[in-house]
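Peer 1: My questions will all concern the structure given below.
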Amino acid sequence: MQPGLAPDVKQSFRPTLIKRIAQNPDFPAFARTVQEAYRLTDDELASANDLSALILRDPALTHRILRLANAAHFRHLGGQINTVTRAVTVLGFEEVRLAALALSLFEQIESKRHSRLLQSRFMQAIYQAFLAQGLARELGGLSTEEMFLCALFQDFGALLVYRHAPEHLAEIERARREDGLDEDTAIQKVVGVLPVALARDVCRQWGLPESARRFLTTARASGKITRLTPEARALRLAQLARASAEVIARGESVEAIRRDTLDLAHRCEVETSVFEEASAAARDHMLEYEELLSSTERPAFLQRMEADQDTPMPVEESVTSAPQAEERSERLIACIEQTTQALTEEEPLGQIFARMLEAMHEGLGLDLAVLYMLERKAWKLVPRLGHGASFAEFKPRMTVPLSETSRLAQVFQSGEDRSIHRPRMPSDDILDWQFKGTGDLAMVYPLHVNRAPFGLFYLEGPAAAFTEGNLNSLRTLRNQAALALKSRSRR
């Protein structure tokens, strides 16, 4: 049986997929950010202030740029960077401009479903962008900025399919494995969408200039690289970078990866020393991006990129394996049932919330389980109830001013359920009471009543406690808490 959609469904799938992308609530703001970033790329008179203003419009992007600057700065000089203007000074105008585009793109493909797979796939795309940039710098005659974007967007169509059509990932992987197809051909076979055509459609929707789309093509550049036109040469190097990243993602061993990537470089007439120097520079960049883009467990691409001869090749998270039974805390399930009964019996809110926090804390073995409430006039979050050995000690300084740029304040103002990982190095957006125990992950669940922000649950503990089943139970309890608040507010 051939994988994929029926022929008539394939014909309509492309517009359906484009509609899904456009319906993302962040799409309009993101499209404006990308348009403005490209305008700054093309404008030789653009200033650091123009770039800073663009970044500051997006709190999540601001946060990631500052973290990136601090990762690079700590690695070399030490100290703390607290402003975007300073980040531009430290990293350089071009690098921040490209980082803004890359990180904005990552925001569009983030998803809780297959999150590690998406992270790994994006890491692959950004590695090839840095590799192409490094090759352009070593070889000369090409814009390093244009090469970065050219290579990054080579994968854009595939990334959109991964993010917005995850129900077909297993079939796509099966087509690659069983039929020996490359990624683009497998995607086209399964869903009838050519990734490069999808990427062009979406870039056109964003209003990007043709200069941003001209490398989105199925054409292959060939011939001696020194005799190619600048545009064909750029395309050839971008395709070399993409093929090299693909070898890292799917190679059978460290030896095979090195052999095959150098063979690709040789066929492209790039000297071994030039290719290896560009590869090393790309790896250094990836280490700086790692904490921004990956979860507590390193995505397979990063593990493969840094593997040595004594390290077994890690396998990418499978989308074809049979789903495992969800681990769920019986304590949380019992609390959901008790809360349902309590809502009908109009039990006092304080008792309901206290029972929820106790169940979360003990049922998952958390370090902290805290209920915050919003004080609107002071515009701050105040801890009302909590469980955990450190709660009593830290409660006096656990108030979260929403005018500041802490990660917790940003998550609350986004209104979305989010995770916060223990940072690998000092970070000024992590509050001084966070991650004082052994936990490496915090889950944050904002509370809204009639679409108005009311508070949040802050849960900190081991990442292994937050299985998909337990996350579903936690979301149910948060929804019950919102329902309890809503029912009382009507009186």
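Identifiers for the structure tokens are assigned positionally: chains receive A, B, ... in sequence, residues are indexed from 1 per chain, and ligands are indexed from 1 in the order shown.
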Tell me, as a VMD selection string, which residues lie within 9 Å of A:Phe353, counting only C-alpha atoms; anything in the same chain fewer than 3 positions away does not count.

Peer 2: chain A and resid 348 to 350 356 to 358 371 385 481

Peer 1: Filtering to N, CA and C atoms, could you give me those residues as an mmCIF file, in the first residue's frame?

Peer 2:
```cif
data_model
loop_
_atom_site.group_PDB
_atom_site.id
_atom_site.type_symbol
_atom_site.label_atom_id
_atom_site.label_comp_id
_atom_site.auth_asym_id
_atom_site.auth_seq_id
_atom_site.Cartn_x
_atom_site.Cartn_y
_atom_site.Cartn_z
ATOM 1 N N PRO A 348 -15.298 26.032 49.729
ATOM 2 C CA PRO A 348 -14.532 27.284 49.688
ATOM 3 C C PRO A 348 -13.318 27.182 48.755
ATOM 4 N N LEU A 349 -13.038 28.285 48.073
ATOM 5 C CA LEU A 349 -11.939 28.302 47.116
ATOM 6 C C LEU A 349 -10.606 27.937 47.754
ATOM 7 N N GLY A 350 -10.359 28.446 48.949
ATOM 8 C CA GLY A 350 -9.090 28.178 49.608
ATOM 9 C C GLY A 350 -8.844 26.690 49.791
ATOM 10 N N MET A 356 -5.471 21.091 45.532
ATOM 11 C CA MET A 356 -4.801 20.982 44.235
ATOM 12 C C MET A 356 -3.286 21.045 44.386
ATOM 13 N N LEU A 357 -2.797 22.035 45.134
ATOM 14 C CA LEU A 357 -1.359 22.201 45.292
ATOM 15 C C LEU A 357 -0.727 21.015 46.012
ATOM 16 N N GLU A 358 -1.424 20.502 47.007
ATOM 17 C CA GLU A 358 -0.904 19.333 47.727
ATOM 18 C C GLU A 358 -0.811 18.126 46.801
ATOM 19 N N LEU A 371 0.670 28.742 44.016
ATOM 20 C CA LEU A 371 -0.428 29.460 43.373
ATOM 21 C C LEU A 371 -0.179 30.957 43.524
ATOM 22 N N LEU A 385 -0.577 30.604 48.004
ATOM 23 C CA LEU A 385 -0.480 29.292 48.636
ATOM 24 C C LEU A 385 0.684 28.548 48.019
ATOM 25 N N ALA A 481 -9.660 25.112 38.327
ATOM 26 C CA ALA A 481 -9.407 26.278 39.174
ATOM 27 C C ALA A 481 -10.023 27.534 38.554
#
```

Peer 1: Within 9 Å of A:Asp428, counting only C-alpha atoms, which residues qualify if same-chain residues fewer than 3 places away don't, as a list in words?

Peer 2: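 Counting only the stated atoms, we get Arg67, Gln80, Ile81, Asn82, Thr405, Ser406, Leu431 and Asp432 of chain A.
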
Peer 1: For stretch 278-280 of chain A, work out the shell of residues within 7 Å, counting only C-alpha atoms and skipping chain neighbours fewer than 2 positions away, then give it as a ChimeraX atom specification.

Peer 2: /A:131,134-135,274-276,282-284

Peer 1: Extract, using only C-alpha atoms, all DNA, RNA and protein residues at most 7 Å from stretch 259-261 of chain A, discarding same-chain residues fewer than 4 positions from it, and format them as a count of residues only.

Peer 2: 4

Peer 1: Which residues are near A:Phe454? Cut-off 10 Å, only C-alpha atoms, ignore same chain within fewer than 4 positions. Put them as a short mmCIF file (atom, residue, chain, number, x, y, z; two decimals) with C-alpha atoms, in the first residue's frame.

Peer 2:
```cif
data_model
loop_
_atom_site.label_atom_id
_atom_site.label_comp_id
_atom_site.auth_asym_id
_atom_site.auth_seq_id
_atom_site.Cartn_x
_atom_site.Cartn_y
_atom_site.Cartn_z
CA TYR A 372 0.10 33.10 42.39
CA MET A 373 -2.61 35.75 42.24
CA LEU A 374 -2.44 39.00 40.28
CA GLU A 375 -2.50 42.34 42.10
CA ARG A 376 -3.68 44.58 39.27
CA LEU A 381 2.11 38.42 40.98
CA PHE A 412 2.34 35.10 32.49
CA PRO A 446 -1.67 30.96 33.69
CA LEU A 447 -5.16 31.38 35.15
CA HIS A 448 -7.71 33.41 33.19
CA VAL A 449 -11.32 34.22 34.03
CA ASN A 450 -13.48 35.59 31.21
CA ALA A 482 -10.46 28.84 36.55
CA LEU A 485 -12.95 31.37 40.21
#
```

Peer 1: Restricting the calculation to only C-alpha atoms: of A:Ala409, A:Leu68, A:Ala151, A:Leu101, which residue gets closest to A:Tyr127?

Peer 2: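 Once distances to A:Tyr127 are computed over only C-alpha atoms, the minimum belongs to A:Ala151.
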
Peer 1: Measuring between only C-alpha atoms, which one of A:Asn470, A:Ser390, A:Thr226, A:Ser414 shows the shortest distance to A:Trp433?

Peer 2: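 Looking at the shortest contact to A:Trp433, the residue is A:Ser390.
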
Peer 1: One decimal, Å: what's the distance from atom CA of A:Leu61 over to atom CA of A:Glu95, could you say?

Peer 2: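 Atom-to-atom, atom CA of A:Leu61 and atom CA of A:Glu95 are spaced 14.2 Å apart.
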
Peer 1: Hey, which of A:Ile333, A:Met398, A:Ala342, A:Val411 ends up closest to A:Gln434? Count only C-alpha atoms.

Peer 2: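 Smallest separation from A:Gln434 among the options: A:Met398.
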
Peer 1: Have a look at atom CA of A:Ile257 and atom CA of A:Arg176 and let me know their distance in Å, one decimal.

Peer 2: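 A separation of 18.6 Å between them.
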
Peer 1: Any idea what's packed within 10 Å of A:Ile187, counting only C-alpha atoms, ignoring anything in its chain fewer than 2 positions away? Could you give it as a tab-separated table (two decimals) with C-alpha atoms, in the first residue's frame?

Peer 2:
```
chain	number	residue	atom	x	y	z
A	4	GLY	CA	-0.04	9.32	1.62
A	157	GLY	CA	8.97	24.38	3.52
A	158	ALA	CA	9.83	21.11	5.27
A	161	VAL	CA	5.03	20.71	7.11
A	162	TYR	CA	6.57	19.28	10.30
A	168	HIS	CA	1.67	12.90	8.49
A	169	LEU	CA	5.17	12.75	10.02
A	171	GLU	CA	4.14	8.39	6.89
A	172	ILE	CA	6.85	10.78	5.69
A	173	GLU	CA	9.49	9.01	7.78
A	175	ALA	CA	8.56	6.76	2.95
A	176	ARG	CA	12.11	7.91	3.59
A	181	LEU	CA	13.53	8.95	-0.61
A	182	ASP	CA	15.02	12.30	0.28
A	183	GLU	CA	12.97	14.50	2.57
A	184	ASP	CA	11.41	16.77	-0.06
A	185	THR	CA	10.40	13.84	-2.30
A	189	LYS	CA	4.72	11.75	-2.12
A	190	VAL	CA	2.77	11.67	1.14
A	191	VAL	CA	0.88	14.99	1.13
A	192	GLY	CA	1.28	16.22	-2.45
A	193	VAL	CA	3.09	19.39	-1.38
A	194	LEU	CA	6.50	20.34	-2.74
A	195	PRO	CA	8.23	22.02	0.25
```

Peer 1: Here is a test: counting only C-alpha atoms, which residue of A:Met305, A:Ala212, A:Leu264, A:Val96 is nearest to A:Ala249?

Peer 2: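 The closest residue to A:Ala249 is A:Met305.
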
Peer 1: Please measure the separation of atom CA of A:Ala60 and atom CA of A:Leu208, giving the value in Å to one decimal.

Peer 2: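 Separation between atom CA of A:Ala60 and atom CA of A:Leu208: 22.1 Å.
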
Peer 1: Given only C-alpha atoms as the basis, pick out the residue of A:Ala452, A:Leu66, A:Leu17, A:Ala186 nearest to A:Gln413.

Peer 2: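 The shortest atom-to-atom distance to A:Gln413 comes from A:Ala452.
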